[in-house]
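Listing of start_19.cif; format and content: mmCIF, C-alpha atoms, pLDDT in the B column; chains and numbers go by the auth columns.
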```
data_data
#
loop_
_atom_site.group_PDB
_atom_site.id
_atom_site.type_symbol
_atom_site.label_atom_id
_atom_site.label_comp_id
_atom_site.label_asym_id
_atom_site.label_seq_id
_atom_site.Cartn_x
_atom_site.Cartn_y
_atom_site.Cartn_z
_atom_site.B_iso_or_equiv
_atom_site.auth_seq_id
_atom_site.auth_asym_id
ATOM 1 C CA MET A 1 6.605 19.266 -32.070 52.00 16 A
ATOM 2 C CA ALA A 2 6.800 23.011 -32.459 53.00 17 A
ATOM 3 C CA ALA A 3 4.789 24.984 -29.944 55.00 18 A
ATOM 4 C CA LYS A 4 1.589 26.468 -31.300 54.00 19 A
ATOM 5 C CA THR A 5 1.844 30.233 -31.555 58.00 20 A
ATOM 6 C CA ASN A 6 -1.003 32.584 -30.806 53.00 21 A
ATOM 7 C CA PRO A 7 -2.119 34.873 -33.638 61.00 22 A
ATOM 8 C CA ILE A 8 -1.379 38.563 -33.319 65.00 23 A
ATOM 9 C CA PRO A 9 -4.413 40.070 -31.527 68.00 24 A
ATOM 10 C CA SER A 10 -5.248 42.734 -34.063 73.00 25 A
ATOM 11 C CA VAL A 11 -7.797 43.141 -36.799 69.00 26 A
ATOM 12 C CA TRP A 12 -5.008 44.401 -39.062 66.00 27 A
ATOM 13 C CA ALA A 13 -3.131 41.107 -38.745 69.00 28 A
ATOM 14 C CA ARG A 14 -6.081 38.828 -39.553 63.00 29 A
ATOM 15 C CA ARG A 15 -7.445 37.917 -42.980 65.00 30 A
ATOM 16 C CA GLN A 16 -11.037 39.089 -43.360 63.00 31 A
ATOM 17 C CA ARG A 17 -13.544 36.304 -43.975 59.00 32 A
ATOM 18 C CA GLU A 18 -16.031 36.451 -46.771 56.00 33 A
ATOM 19 C CA PRO A 19 -19.362 37.746 -45.421 52.00 34 A
ATOM 20 C CA GLU A 20 -22.413 35.499 -45.535 51.00 35 A
ATOM 21 C CA GLN A 21 -24.770 38.441 -45.111 50.00 36 A
ATOM 22 C CA PRO A 22 -23.879 40.842 -47.944 55.00 37 A
ATOM 23 C CA ALA A 23 -26.192 43.595 -46.704 66.00 38 A
ATOM 24 C CA LEU A 24 -24.215 43.797 -43.454 85.00 39 A
ATOM 25 C CA SER A 25 -20.777 45.202 -44.235 89.00 40 A
ATOM 26 C CA ARG A 26 -17.835 45.911 -41.960 90.00 41 A
ATOM 27 C CA GLU A 27 -18.209 49.607 -42.842 93.00 42 A
ATOM 28 C CA THR A 28 -21.840 49.619 -41.682 93.00 43 A
ATOM 29 C CA ILE A 29 -20.920 47.872 -38.437 93.00 44 A
ATOM 30 C CA VAL A 30 -18.115 50.342 -37.682 95.00 45 A
ATOM 31 C CA ARG A 31 -20.252 53.404 -38.431 95.00 46 A
ATOM 32 C CA GLU A 32 -22.978 52.186 -36.067 95.00 47 A
ATOM 33 C CA ALA A 33 -20.412 51.314 -33.395 96.00 48 A
ATOM 34 C CA ILE A 34 -19.001 54.841 -33.568 97.00 49 A
ATOM 35 C CA ALA A 35 -22.501 56.275 -33.155 97.00 50 A
ATOM 36 C CA MET A 36 -22.943 54.145 -30.022 95.00 51 A
ATOM 37 C CA LEU A 37 -19.534 55.140 -28.671 96.00 52 A
ATOM 38 C CA ASP A 38 -20.247 58.836 -29.258 95.00 53 A
ATOM 39 C CA ALA A 39 -23.599 58.605 -27.517 93.00 54 A
ATOM 40 C CA ASP A 40 -22.847 56.385 -24.538 91.00 55 A
ATOM 41 C CA GLY A 41 -19.112 55.635 -24.283 91.00 56 A
ATOM 42 C CA VAL A 42 -17.047 52.479 -24.399 91.00 57 A
ATOM 43 C CA GLU A 43 -18.780 50.793 -21.466 90.00 58 A
ATOM 44 C CA ALA A 44 -22.125 50.792 -23.282 90.00 59 A
ATOM 45 C CA LEU A 45 -20.798 49.135 -26.441 92.00 60 A
ATOM 46 C CA SER A 46 -21.336 45.395 -26.798 91.00 61 A
ATOM 47 C CA MET A 47 -21.680 43.078 -29.778 90.00 62 A
ATOM 48 C CA ARG A 48 -25.164 42.128 -28.585 90.00 63 A
ATOM 49 C CA LYS A 49 -26.406 45.730 -28.381 92.00 64 A
ATOM 50 C CA LEU A 50 -24.757 46.580 -31.684 92.00 65 A
ATOM 51 C CA GLY A 51 -26.395 43.594 -33.350 90.00 66 A
ATOM 52 C CA ALA A 52 -29.792 44.699 -32.032 90.00 67 A
ATOM 53 C CA ARG A 53 -29.324 48.181 -33.507 91.00 68 A
ATOM 54 C CA LEU A 54 -28.422 46.654 -36.852 91.00 69 A
ATOM 55 C CA ASN A 55 -31.217 44.068 -36.717 89.00 70 A
ATOM 56 C CA ALA A 56 -28.594 41.345 -36.870 86.00 71 A
ATOM 57 C CA GLY A 57 -27.483 38.666 -34.448 78.00 72 A
ATOM 58 C CA ALA A 58 -24.096 38.821 -32.742 72.00 73 A
ATOM 59 C CA THR A 59 -23.084 35.765 -34.785 76.00 74 A
ATOM 60 C CA SER A 60 -23.546 37.769 -37.986 81.00 75 A
ATOM 61 C CA LEU A 61 -21.301 40.534 -36.610 86.00 76 A
ATOM 62 C CA TYR A 62 -18.563 38.044 -35.749 82.00 77 A
ATOM 63 C CA ARG A 63 -18.279 37.123 -39.421 84.00 78 A
ATOM 64 C CA HIS A 64 -16.950 40.648 -39.990 88.00 79 A
ATOM 65 C CA VAL A 65 -15.339 41.512 -36.633 87.00 80 A
ATOM 66 C CA ALA A 66 -13.932 38.787 -34.399 85.00 81 A
ATOM 67 C CA THR A 67 -14.057 40.606 -31.040 86.00 82 A
ATOM 68 C CA LYS A 68 -15.080 43.861 -29.398 88.00 83 A
ATOM 69 C CA ASP A 69 -11.398 44.784 -29.244 88.00 84 A
ATOM 70 C CA GLU A 70 -11.174 44.488 -33.025 89.00 85 A
ATOM 71 C CA LEU A 71 -14.258 46.644 -33.330 91.00 86 A
ATOM 72 C CA ILE A 72 -12.582 49.332 -31.206 92.00 87 A
ATOM 73 C CA GLU A 73 -9.484 49.143 -33.417 91.00 88 A
ATOM 74 C CA LEU A 74 -11.631 49.711 -36.500 93.00 89 A
ATOM 75 C CA ALA A 75 -13.528 52.575 -34.857 94.00 90 A
ATOM 76 C CA VAL A 76 -10.289 54.300 -33.827 94.00 91 A
ATOM 77 C CA ASP A 77 -8.907 54.085 -37.333 94.00 92 A
ATOM 78 C CA GLU A 78 -12.169 55.296 -38.860 96.00 93 A
ATOM 79 C CA VAL A 79 -12.194 58.522 -36.841 96.00 94 A
ATOM 80 C CA PHE A 80 -8.536 59.125 -37.674 95.00 95 A
ATOM 81 C CA GLY A 81 -9.778 59.456 -41.232 96.00 96 A
ATOM 82 C CA GLU A 82 -11.321 62.771 -40.115 97.00 97 A
ATOM 83 C CA ILE A 83 -7.899 64.339 -39.483 97.00 98 A
ATOM 84 C CA PRO A 84 -6.519 66.230 -42.496 96.00 99 A
ATOM 85 C CA VAL A 85 -2.776 66.827 -42.753 96.00 100 A
ATOM 86 C CA PRO A 86 -1.605 69.624 -45.093 95.00 101 A
ATOM 87 C CA ASP A 87 0.937 68.947 -47.818 93.00 102 A
ATOM 88 C CA PRO A 88 4.467 70.092 -46.960 91.00 103 A
ATOM 89 C CA GLY A 89 4.415 72.697 -49.724 82.00 104 A
ATOM 90 C CA ALA A 90 1.078 74.212 -48.675 75.00 105 A
ATOM 91 C CA SER A 91 2.571 76.171 -45.741 77.00 106 A
ATOM 92 C CA ASP A 92 5.577 76.169 -43.463 91.00 107 A
ATOM 93 C CA TRP A 93 6.075 73.147 -41.207 95.00 108 A
ATOM 94 C CA ARG A 94 4.838 74.895 -38.085 96.00 109 A
ATOM 95 C CA ALA A 95 1.542 76.011 -39.620 96.00 110 A
ATOM 96 C CA GLY A 96 0.992 72.541 -41.065 96.00 111 A
ATOM 97 C CA VAL A 97 1.702 70.768 -37.775 97.00 112 A
ATOM 98 C CA THR A 98 -0.494 73.244 -35.883 97.00 113 A
ATOM 99 C CA ALA A 99 -3.399 72.635 -38.278 97.00 114 A
ATOM 100 C CA THR A 100 -2.991 68.876 -37.868 97.00 115 A
ATOM 101 C CA CYS A 101 -2.871 69.096 -34.081 98.00 116 A
ATOM 102 C CA GLU A 102 -5.952 71.319 -34.010 98.00 117 A
ATOM 103 C CA ALA A 103 -7.778 68.773 -36.178 98.00 118 A
ATOM 104 C CA PHE A 104 -6.635 65.928 -33.910 97.00 119 A
ATOM 105 C CA ARG A 105 -7.941 67.794 -30.865 97.00 120 A
ATOM 106 C CA ASP A 106 -11.258 68.524 -32.582 97.00 121 A
ATOM 107 C CA THR A 107 -11.620 64.839 -33.481 97.00 122 A
ATOM 108 C CA THR A 108 -10.914 63.747 -29.911 96.00 123 A
ATOM 109 C CA LEU A 109 -13.521 66.181 -28.573 96.00 124 A
ATOM 110 C CA ARG A 110 -16.104 64.937 -31.099 96.00 125 A
ATOM 111 C CA HIS A 111 -15.358 61.326 -30.168 97.00 126 A
ATOM 112 C CA ARG A 112 -14.679 61.616 -26.445 95.00 127 A
ATOM 113 C CA TRP A 113 -14.056 57.883 -26.033 94.00 128 A
ATOM 114 C CA LEU A 114 -11.017 58.013 -28.340 93.00 129 A
ATOM 115 C CA GLY A 115 -8.376 59.021 -25.816 88.00 130 A
ATOM 116 C CA SER A 116 -9.382 56.291 -23.352 86.00 131 A
ATOM 117 C CA VAL A 117 -8.921 53.436 -25.848 89.00 132 A
ATOM 118 C CA ILE A 118 -6.177 54.465 -28.255 84.00 133 A
ATOM 119 C CA GLY A 119 -3.448 52.972 -26.078 74.00 134 A
ATOM 120 C CA GLN A 120 -5.403 49.744 -25.530 70.00 135 A
ATOM 121 C CA ALA A 121 -6.670 48.999 -29.018 56.00 136 A
ATOM 122 C CA GLY A 122 -4.244 46.267 -30.085 57.00 137 A
ATOM 123 C CA LEU A 123 -2.086 47.245 -33.047 62.00 138 A
ATOM 124 C CA VAL A 124 -4.141 50.330 -33.806 67.00 139 A
ATOM 125 C CA TYR A 125 -1.074 51.959 -35.353 76.00 140 A
ATOM 126 C CA LEU A 126 -1.359 49.552 -38.296 82.00 141 A
ATOM 127 C CA GLY A 127 -4.722 51.031 -39.312 88.00 142 A
ATOM 128 C CA PRO A 128 -4.641 52.598 -42.795 93.00 143 A
ATOM 129 C CA ASN A 129 -5.996 55.997 -41.732 95.00 144 A
ATOM 130 C CA LEU A 130 -3.609 56.327 -38.805 92.00 145 A
ATOM 131 C CA ILE A 131 -0.735 55.248 -41.056 93.00 146 A
ATOM 132 C CA THR A 132 -1.734 57.959 -43.528 95.00 147 A
ATOM 133 C CA VAL A 133 -1.789 60.642 -40.809 95.00 148 A
ATOM 134 C CA SER A 134 1.619 59.499 -39.542 93.00 149 A
ATOM 135 C CA GLU A 135 3.127 59.388 -43.031 95.00 150 A
ATOM 136 C CA ARG A 136 1.855 62.845 -43.942 95.00 151 A
ATOM 137 C CA MET A 137 3.078 64.305 -40.651 96.00 152 A
ATOM 138 C CA ALA A 138 6.474 62.686 -41.286 96.00 153 A
ATOM 139 C CA ALA A 139 6.511 64.458 -44.657 96.00 154 A
ATOM 140 C CA LEU A 140 5.901 67.802 -42.911 96.00 155 A
ATOM 141 C CA PHE A 141 8.712 67.306 -40.414 96.00 156 A
ATOM 142 C CA SER A 142 11.088 65.810 -42.984 96.00 157 A
ATOM 143 C CA ALA A 143 10.563 68.666 -45.425 95.00 158 A
ATOM 144 C CA ALA A 144 11.396 71.098 -42.618 94.00 159 A
ATOM 145 C CA GLY A 145 14.705 69.328 -42.044 94.00 160 A
ATOM 146 C CA PHE A 146 14.058 67.471 -38.784 94.00 161 A
ATOM 147 C CA PRO A 147 16.611 64.661 -38.468 90.00 162 A
ATOM 148 C CA GLU A 148 14.207 62.429 -36.471 91.00 163 A
ATOM 149 C CA PRO A 149 10.671 63.060 -37.756 94.00 164 A
ATOM 150 C CA SER A 150 9.188 60.047 -35.969 93.00 165 A
ATOM 151 C CA ARG A 151 10.267 61.430 -32.581 95.00 166 A
ATOM 152 C CA ALA A 152 8.879 64.829 -33.458 96.00 167 A
ATOM 153 C CA ILE A 153 5.559 63.165 -34.312 95.00 168 A
ATOM 154 C CA ASP A 154 5.531 61.185 -31.050 93.00 169 A
ATOM 155 C CA THR A 155 6.275 64.294 -28.997 96.00 170 A
ATOM 156 C CA THR A 156 3.638 66.413 -30.701 96.00 171 A
ATOM 157 C CA LEU A 157 0.823 63.878 -30.759 93.00 172 A
ATOM 158 C CA SER A 158 1.518 62.801 -27.166 93.00 173 A
ATOM 159 C CA TYR A 159 0.892 66.391 -26.069 97.00 174 A
ATOM 160 C CA VAL A 160 -2.277 66.678 -28.138 96.00 175 A
ATOM 161 C CA LEU A 161 -3.631 63.342 -26.954 93.00 176 A
ATOM 162 C CA GLY A 162 -2.897 64.083 -23.300 94.00 177 A
ATOM 163 C CA MET A 163 -4.492 67.514 -23.369 96.00 178 A
ATOM 164 C CA SER A 164 -7.510 66.581 -25.439 96.00 179 A
ATOM 165 C CA THR A 165 -8.217 63.394 -23.458 93.00 180 A
ATOM 166 C CA THR A 166 -8.335 65.408 -20.231 94.00 181 A
ATOM 167 C CA GLU A 167 -10.502 68.011 -21.942 96.00 182 A
ATOM 168 C CA ALA A 168 -12.865 65.354 -23.301 95.00 183 A
ATOM 169 C CA ALA A 169 -13.244 63.802 -19.831 93.00 184 A
ATOM 170 C CA PHE A 170 -14.095 67.206 -18.360 94.00 185 A
ATOM 171 C CA LEU A 171 -16.688 67.869 -21.066 94.00 186 A
ATOM 172 C CA THR A 172 -18.238 64.456 -20.423 93.00 187 A
ATOM 173 C CA THR A 173 -18.599 65.364 -16.743 93.00 188 A
ATOM 174 C CA VAL A 174 -20.199 68.674 -17.712 94.00 189 A
ATOM 175 C CA MET A 175 -22.626 66.926 -20.073 92.00 190 A
ATOM 176 C CA ARG A 176 -23.686 64.460 -17.379 91.00 191 A
ATOM 177 C CA SER A 177 -24.366 67.337 -14.979 94.00 192 A
ATOM 178 C CA GLY A 178 -27.089 68.662 -17.270 94.00 193 A
ATOM 179 C CA GLN A 179 -25.588 72.154 -17.048 95.00 194 A
ATOM 180 C CA THR A 180 -23.841 74.349 -19.566 93.00 195 A
ATOM 181 C CA GLU A 181 -20.075 74.527 -19.240 92.00 196 A
ATOM 182 C CA ALA A 182 -20.282 78.078 -17.881 90.00 197 A
ATOM 183 C CA GLU A 183 -22.894 77.047 -15.278 91.00 198 A
ATOM 184 C CA PHE A 184 -20.822 74.051 -14.222 92.00 199 A
ATOM 185 C CA ILE A 185 -17.672 76.147 -13.734 89.00 200 A
ATOM 186 C CA THR A 186 -19.556 78.850 -11.834 88.00 201 A
ATOM 187 C CA GLY A 187 -21.004 76.245 -9.484 90.00 202 A
ATOM 188 C CA LEU A 188 -17.648 74.548 -8.984 89.00 203 A
ATOM 189 C CA MET A 189 -15.583 77.649 -8.239 88.00 204 A
ATOM 190 C CA PRO A 190 -16.618 78.269 -4.589 89.00 205 A
ATOM 191 C CA SER A 191 -15.644 74.714 -3.614 91.00 206 A
ATOM 192 C CA ALA A 192 -12.430 74.892 -5.638 88.00 207 A
ATOM 193 C CA GLN A 193 -11.405 78.204 -4.069 88.00 208 A
ATOM 194 C CA GLU A 194 -12.170 76.868 -0.587 90.00 209 A
ATOM 195 C CA ALA A 195 -10.045 73.774 -1.285 92.00 210 A
ATOM 196 C CA VAL A 196 -6.975 75.830 -2.247 91.00 211 A
ATOM 197 C CA ALA A 197 -7.318 78.445 0.508 90.00 212 A
ATOM 198 C CA GLY A 198 -3.938 79.039 2.101 89.00 213 A
ATOM 199 C CA HIS A 199 -2.044 78.013 -1.035 92.00 214 A
ATOM 200 C CA GLU A 200 -0.857 81.283 -2.488 91.00 215 A
ATOM 201 C CA PHE A 201 -0.200 80.281 -6.083 92.00 216 A
ATOM 202 C CA LEU A 202 -3.296 78.109 -6.522 89.00 217 A
ATOM 203 C CA SER A 203 -5.557 80.643 -4.816 89.00 218 A
ATOM 204 C CA GLY A 204 -4.380 83.289 -7.259 89.00 219 A
ATOM 205 C CA ALA A 205 -4.730 80.934 -10.220 87.00 220 A
ATOM 206 C CA PHE A 206 -8.282 79.985 -9.287 84.00 221 A
ATOM 207 C CA ALA A 207 -9.218 83.619 -8.715 85.00 222 A
ATOM 208 C CA ASP A 208 -7.875 84.474 -12.169 84.00 223 A
ATOM 209 C CA ALA A 209 -9.735 81.504 -13.674 83.00 224 A
ATOM 210 C CA ALA A 210 -12.998 82.570 -12.040 81.00 225 A
ATOM 211 C CA ALA A 211 -12.591 86.113 -13.343 84.00 226 A
ATOM 212 C CA ALA A 212 -11.814 84.895 -16.858 83.00 227 A
ATOM 213 C CA ALA A 213 -14.736 82.443 -16.860 79.00 228 A
ATOM 214 C CA ALA A 214 -17.114 85.271 -15.962 80.00 229 A
ATOM 215 C CA VAL A 215 -16.369 87.214 -19.140 82.00 230 A
ATOM 216 C CA THR A 216 -15.007 84.694 -21.672 85.00 231 A
ATOM 217 C CA ASP A 217 -16.516 81.673 -23.407 92.00 232 A
ATOM 218 C CA PRO A 218 -15.130 78.584 -21.612 92.00 233 A
ATOM 219 C CA ALA A 219 -14.510 76.903 -24.974 94.00 234 A
ATOM 220 C CA GLU A 220 -12.297 79.818 -25.966 94.00 235 A
ATOM 221 C CA LEU A 221 -10.354 79.550 -22.710 93.00 236 A
ATOM 222 C CA ARG A 222 -9.797 75.832 -23.281 95.00 237 A
ATOM 223 C CA HIS A 223 -8.535 76.496 -26.779 96.00 238 A
ATOM 224 C CA GLU A 224 -6.168 79.220 -25.567 95.00 239 A
ATOM 225 C CA LYS A 225 -4.732 76.823 -22.986 95.00 240 A
ATOM 226 C CA PHE A 226 -4.234 74.142 -25.642 97.00 241 A
ATOM 227 C CA ALA A 227 -2.640 76.581 -28.099 98.00 242 A
ATOM 228 C CA TYR A 228 -0.222 77.875 -25.442 97.00 243 A
ATOM 229 C CA GLY A 229 1.108 74.395 -24.709 98.00 244 A
ATOM 230 C CA LEU A 230 1.299 73.467 -28.375 98.00 245 A
ATOM 231 C CA ASN A 231 3.364 76.576 -29.099 98.00 246 A
ATOM 232 C CA VAL A 232 5.734 75.647 -26.283 98.00 247 A
ATOM 233 C CA ILE A 233 6.167 72.167 -27.792 97.00 248 A
ATOM 234 C CA LEU A 234 6.799 73.563 -31.263 97.00 249 A
ATOM 235 C CA ASP A 235 9.226 76.163 -29.884 97.00 250 A
ATOM 236 C CA GLY A 236 11.197 73.339 -28.340 96.00 251 A
ATOM 237 C CA LEU A 237 11.121 71.200 -31.473 96.00 252 A
ATOM 238 C CA SER A 238 12.325 74.111 -33.580 95.00 253 A
ATOM 239 C CA LEU A 239 15.577 74.046 -31.600 94.00 254 A
ATOM 240 C CA ARG A 240 16.224 70.572 -33.064 91.00 255 A
ATOM 241 C CA LEU A 241 16.374 71.920 -36.609 92.00 256 A
ATOM 242 C CA PRO A 242 19.851 72.098 -38.142 87.00 257 A
ATOM 243 C CA ARG A 243 21.236 75.598 -38.041 79.00 258 A
#
```

Starting from the file, give its structure as C-alpha cells.
Amino acid sequence: MAAKTNPIPSVWARRQREPEQPALSRETIVREAIAMLDADGVEALSMRKLGARLNAGATSLYRHVATKDELIELAVDEVFGEIPVPDPGASDWRAGVTATCEAFRDTTLRHRWLGSVIGQAGLVYLGPNLITVSERMAALFSAAGFPEPSRAIDTTLSYVLGMSTTEAAFLTTVMRSGQTEAEFITGLMPSAQEAVAGHEFLSGAFADAAAAAAVTDPAELRHEKFAYGLNVILDGLSLRLPR
C-alpha cells in the first residue's frame, strides 16, 4: 500500500470549499484579520477573536480558512496588492525599481507585522498579488537587460525587507513607549552614548546621530538611511548589465 502523503500546507494549494454562510466571505475575513494585525500584532490574532469581531463562530471561519497559518498567508498576499510596480516603458529600470522598493517599504511600515511572518507563511510566494509584483519587477529588470532578473529581484527585495522590518520593529517600540519618535530618541541618546564610550567610531556616530536628530525629522533620517543603502544595491546591480 502506498504511503499516505500529507497535503501541501498552503492555502494556495488547497481547493476552497463552498461557503455555507454567504454573508461571510473570505475577503471579509482577511480584511478584518489585517485590521487586527495592524492594531495588535500577530500574537493577538486568533480564529476565536476574529470570529467574535465578525459575529461568527470559529467553525464558520474554518469553512473559508483552514488554519491561522492560512489566514496569515492570505493577509500577506492582500497587503502585497498595495505595492504598485511601474511598467518598464514608464521610466528607466532604476527609477522603476526604486519606486517599487519605496512602495514595499511603505507597505511594511503600514503593516508592521509583515516582515515577521513573510518567511514563515507557508507558500506565500504563490499568492496572486505577490506573483504579480514579482512578474512586473522581472519585466523591469528584463527590459533593462539583466541576464538573471530573478536574482536581481531577490537581492533588491531582501535589502528592502531587512531594512524595513528593522525599522518597523523600532517604530513599534516607539509606539509602545507612548512618546513621539523624537522624544524617544532624545531620551535614549544619553544611555546609548554612555554605552559606546571609549569606542571611537561608535562614539562619533552616536554624537552625529544625536546632532542630526535635534534638527531633522526622524522619519526623514530613516528614509535617507534607506535610500542610501538602496542606491548602493542598485549601483552594484548596474555592474551586472551587459556592456

Find the axis-aligned box for region 174-187 of chain A, covering all its listed atoms and adding 3 Å on each side, and write its centre and edge lengths in Å to one decimal as JSON.
```
{"center_x": -8.7, "center_y": 65.7, "center_z": -23.2, "size_x": 25.1, "size_y": 10.7, "size_z": 15.8}
```

Between region 57-132 of chain A and region 182-202 of chain A, at 10 Å or less, what are the per-residue closest atom pairs and their distances in Å? Count all atoms listed in the file, order by chain and rising residue number, and return it as a Markdown table.
```
| residue | atom | partner | partner_atom | distance |
| --- | --- | --- | --- | --- |
| A:Arg120 | CA | A:Glu182 | CA | 9.3 |
| A:Asp121 | CA | A:Ala183 | CA | 9.9 |
| A:Thr123 | CA | A:Ala183 | CA | 7.1 |
| A:Leu124 | CA | A:Ala183 | CA | 5.4 |
| A:Arg125 | CA | A:Ala183 | CA | 8.5 |
| A:His126 | CA | A:Ala183 | CA | 8.3 |
| A:Arg127 | CA | A:Ala183 | CA | 5.2 |
| A:Trp128 | CA | A:Ala183 | CA | 8.0 |
| A:Leu129 | CA | A:Ala183 | CA | 9.1 |
| A:Gly130 | CA | A:Ala183 | CA | 8.2 |
| A:Ser131 | CA | A:Ala184 | CA | 9.2 |
```

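Selection by the PyMOL selection byres ((chain A and resi 255) around 10) on the present file picks out Gly160, Phe161, Pro162, Glu163, Ala167, Asp250, Gly251, Leu252, Ser253, Leu254, Leu256, Pro257 and Arg258 of chain A.
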
I want to know what sits within 12 Å of region 218-226 of chain A, based on all atoms listed in the file, with residues of the same chain fewer than 2 positions away left out; could you give that as a PyMOL selection string? chain A and resi 197-216+228-233+236-237+240

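CA of Gly96 (chain A) is positioned 8.1 Å from CA of Val148 (chain A).
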
For Val132 (chain A), please output as a compact mmCIF listing (two decimals) with C-alpha atoms, in the coordinates of the input all residues within 12 Å (counting only C-alpha atoms; exclusion window: fewer than 2 positions along the same chain).
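Result written to around-v5.txt:
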```txt
# COMPACT_ATOMS: atom_id res chain seq x y z
CA LEU A 52 -19.53 55.14 -28.67
CA GLY A 56 -19.11 55.64 -24.28
CA VAL A 57 -17.05 52.48 -24.40
CA GLU A 58 -18.78 50.79 -21.47
CA LYS A 83 -15.08 43.86 -29.40
CA ASP A 84 -11.40 44.78 -29.24
CA GLU A 85 -11.17 44.49 -33.02
CA LEU A 86 -14.26 46.64 -33.33
CA ILE A 87 -12.58 49.33 -31.21
CA GLU A 88 -9.48 49.14 -33.42
CA LEU A 89 -11.63 49.71 -36.50
CA ALA A 90 -13.53 52.58 -34.86
CA VAL A 91 -10.29 54.30 -33.83
CA ASP A 92 -8.91 54.08 -37.33
CA THR A 123 -10.91 63.75 -29.91
CA HIS A 126 -15.36 61.33 -30.17
CA ARG A 127 -14.68 61.62 -26.44
CA TRP A 128 -14.06 57.88 -26.03
CA LEU A 129 -11.02 58.01 -28.34
CA GLY A 130 -8.38 59.02 -25.82
CA GLY A 134 -3.45 52.97 -26.08
CA GLN A 135 -5.40 49.74 -25.53
CA ALA A 136 -6.67 49.00 -29.02
CA GLY A 137 -4.24 46.27 -30.08
CA LEU A 138 -2.09 47.24 -33.05
CA VAL A 139 -4.14 50.33 -33.81
CA LEU A 176 -3.63 63.34 -26.95
CA THR A 180 -8.22 63.39 -23.46
```

Tyr77 (chain A) surroundings by all atoms listed in the file, 10 Å radius, close-in-sequence under 2 positions cut, as a list in words: Arg32, Pro34, Met62, Gly66, Gly72, Ala73, Thr74, Ser75, His79, Val80, Ala81, Thr82, Lys83 and Leu86 of chain A

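Closest approach to Leu249 (chain A) among A:Leu39, A:Arg109, A:Ile168, A:Ser157: A:Arg109, based on all atoms listed in the file.
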
Using all atoms listed in the file, which of A:Ile98, A:Ala54, A:Ser179, A:Ile44 sits nearest Thr147 (chain A)? A:Ile98

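With CA of Ile146 (chain A) on one side and CA of Ala118 (chain A) on the other, the separation reads 16.0 Å.
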
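Taking CA of Pro101 (chain A) and CA of Thr122 (chain A) as endpoints, the distance between them is 16.1 Å.
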
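Distance annotation: of A:Glu93, A:Ala71, A:Glu235, A:Ala242, the residue with the minimal separation from Ala50 (chain A) is A:Glu93; atom set is all atoms listed in the file.
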
Excluding same-chain residues fewer than 6 positions from Ser106 (chain A), what lies within 12 Å of it counting all atoms listed in the file, as a ChimeraX atom specification? /A:100,112-114,155,158-159
